[in-house]
Amino acid sequence: MQRLLSAGLALLVAGLAVAESDRHHFTAAVDFSVIGADGELPSWLYSGNGKLRYDDDHQGLRVSRAFLDYRGRIAPTLFAHAVLNVNDTVAETIDVTEAYVEWRPLPRSEYRARGRAGFFYPRLSLENGGAGWTSPYTLSASTINTWLGEELRVFGAELRLTRDLPQWPGHQVSVEGGLFYGNDPTGALLTWRGWASHDRQTGLNGKLPLPEISAIEAWDPGGNPIGTLKPFQEIDNRPGYYASVEWSWRQRVLLRYSHYDNRADPEVRDGEDYAWETVFEHVGIQVALPWDLGLLGQWIGGSTKMGVDLGPWRVQDVDYDTTYLMLTRPFGRHRISTRYEWFDLQPFNDPLGITNQDKGNAMAVAWLWAPLRQLQVGAEYLQIASEHCRSETCFWVFQGLPRSTRDQQLQLTMRWYFQGRAPGYR
C-alpha cells in the first residue's frame, strides 16, 4: 500500500508539472558535497555506533541529496504539498518524505482555521522551514530535528485555529491538535543508536540500519537491535495524538509548547518489530534580537518503552531529553549561524549504573552564501561528543567500545536549484 502511494504521488507531481504556473510551485535542487569525517567508530548508517551520517570510509565528494518540493492550489480553499527525496546513503531510490492536502477556508469569525491530512511532520521544528524540510541556517540539523527527520512522521489529520488578540495589538495565539496512525516504532532508533546529528531524512518506505551493539543495553535479549527498522509502521492499530499552543508577537517573538503521545502498546509486535510507547513534551522559542541577530531554541523531553513488564521496568525503558540554542545573523546574501546543544539518554531505574547511557553535547558553526538565484554555497563544522558510562565500566565498555566518543565533520556543499530560488538571495 505504501509503495503504491509513493508511486501515485510521484505521478501526481509529474502530471502537475505541466499545469498553470500561477497555481503550482516547484522547488528542485541537488546537493554536491565534499565531506571530511573523523570518528572513532563507523557511522550508524553502516551498522556502526558513530553519530554522523559519514565516517572515515564514506567521505570525499558526494551527491548527498536531491529533492523536488511541490506546493500548489488544487481548489479555491484546498492546497497540496509533496516532497520527493533522494539520499546517497543506504537508500538510493526516490521516496516521499511528506505528502498532504491542506484546507484553508475563508475566515468567518475572529478565528482562522487550517486543516491538513496525509503524511507529514507535526509542526515542531523551528530549524527546518525551507523547501524539502531544509534549514536556512545550517547544513546539518540539531539532534532534536535529526531525530524528527529519522523516525517521526504521521499518517493523520490536523486542525489549527489562530486568533489575533485585539486588546494586545500584534499578539497572536494558535492552538493545534492532530490524530494519527503509523508511528508505532518511534523511539527504537533513538534507544538502540542514541542521539545523532546530520541532514538525512527517512522516506515513507525507508528502512534504517541499526547498530549491532545497542546504545542502551536491554534488560532482556528480546530488546536488542534487529537488522533494520521501518519507522512509519502501524503495529497495534491504536491512534496517537499531539496538541500544541503557540503565541507570537509581531514576528519578533514566538513561543510554542507541544505534547506528543503515540499511545503505542509496548507489548504488541509484528514479527520482530515492536510498538514503542513514546511520549514527550516540546518547547520552542524564536526571538529577533538587536543588531539583526536571531535566537532559536528547542527542548524535547520524554520517555520510550517496549516489551513486557519486568517489574520496575520494561525490556527497554528509557528517559531522554535534548536542548539546543542557535544564534544566526544575515549579512546580505551571507548568513552565519552557530548552534550548541546538550543531550541525554538514560535507562530508567538503573541505580548501579552498569547499563549504558548517551550523555553529551554537540556544536555546529555554519556559513551559507547565495551568490546566484540558483545557487547556495555552504560550509559547516560539526562536532558531537558523548559519554556512554555513568560508572567506570558499563555494558558498552564490556563490548569493547570506548567509554567516551567524539565525532567531527567538515562539510562543503553546493546546492544547485533547477527550479525555485536559493534562500538568502536578494
# chains A, B, ... in the order shown; residues from 1 in each chain; ligands from 1

$ residues_around --residues "stretch 214-231 of chain A" --least-positions-apart "3" --cutoff "9 Å" --atoms "only C-alpha atoms" --output "VMD selection string"
chain A and resid 47 49 150 to 153 182 to 194 202 204 to 211 272 to 273 306 to 307 310 313 to 318 345 to 347 355 to 358 388 395 to 396

$ select_by_dssp --residues "stretch 287-420 of chain A" --states "strand (DSSP E)" --output "PyMOL selection string"
chain A and resi 287-288+294-309+314-331+334-347+359-372+375-387+404-419

$ closest_residue --among "A:Asp344, A:Glu246, A:Asp319, A:Asp199" --to "A:Val175" --atoms "only C-alpha atoms"
A:Glu246

$ closest_residue --among "A:Leu68, A:Asp292, A:Ala362, A:Glu158" --to "A:Leu325" --atoms "only C-alpha atoms"
A:Ala362

$ residues_around --residues "A:Asp407" --least-positions-apart "2" --cutoff "6 Å" --atoms "only C-alpha atoms" --output "ChimeraX atom specification"
/A:38-39,383-384

$ residues_around --residues "stretch 255-261 of chain A" --least-positions-apart "5" --cutoff "12 Å" --atoms "only C-alpha atoms" --output "count of residues only"
57
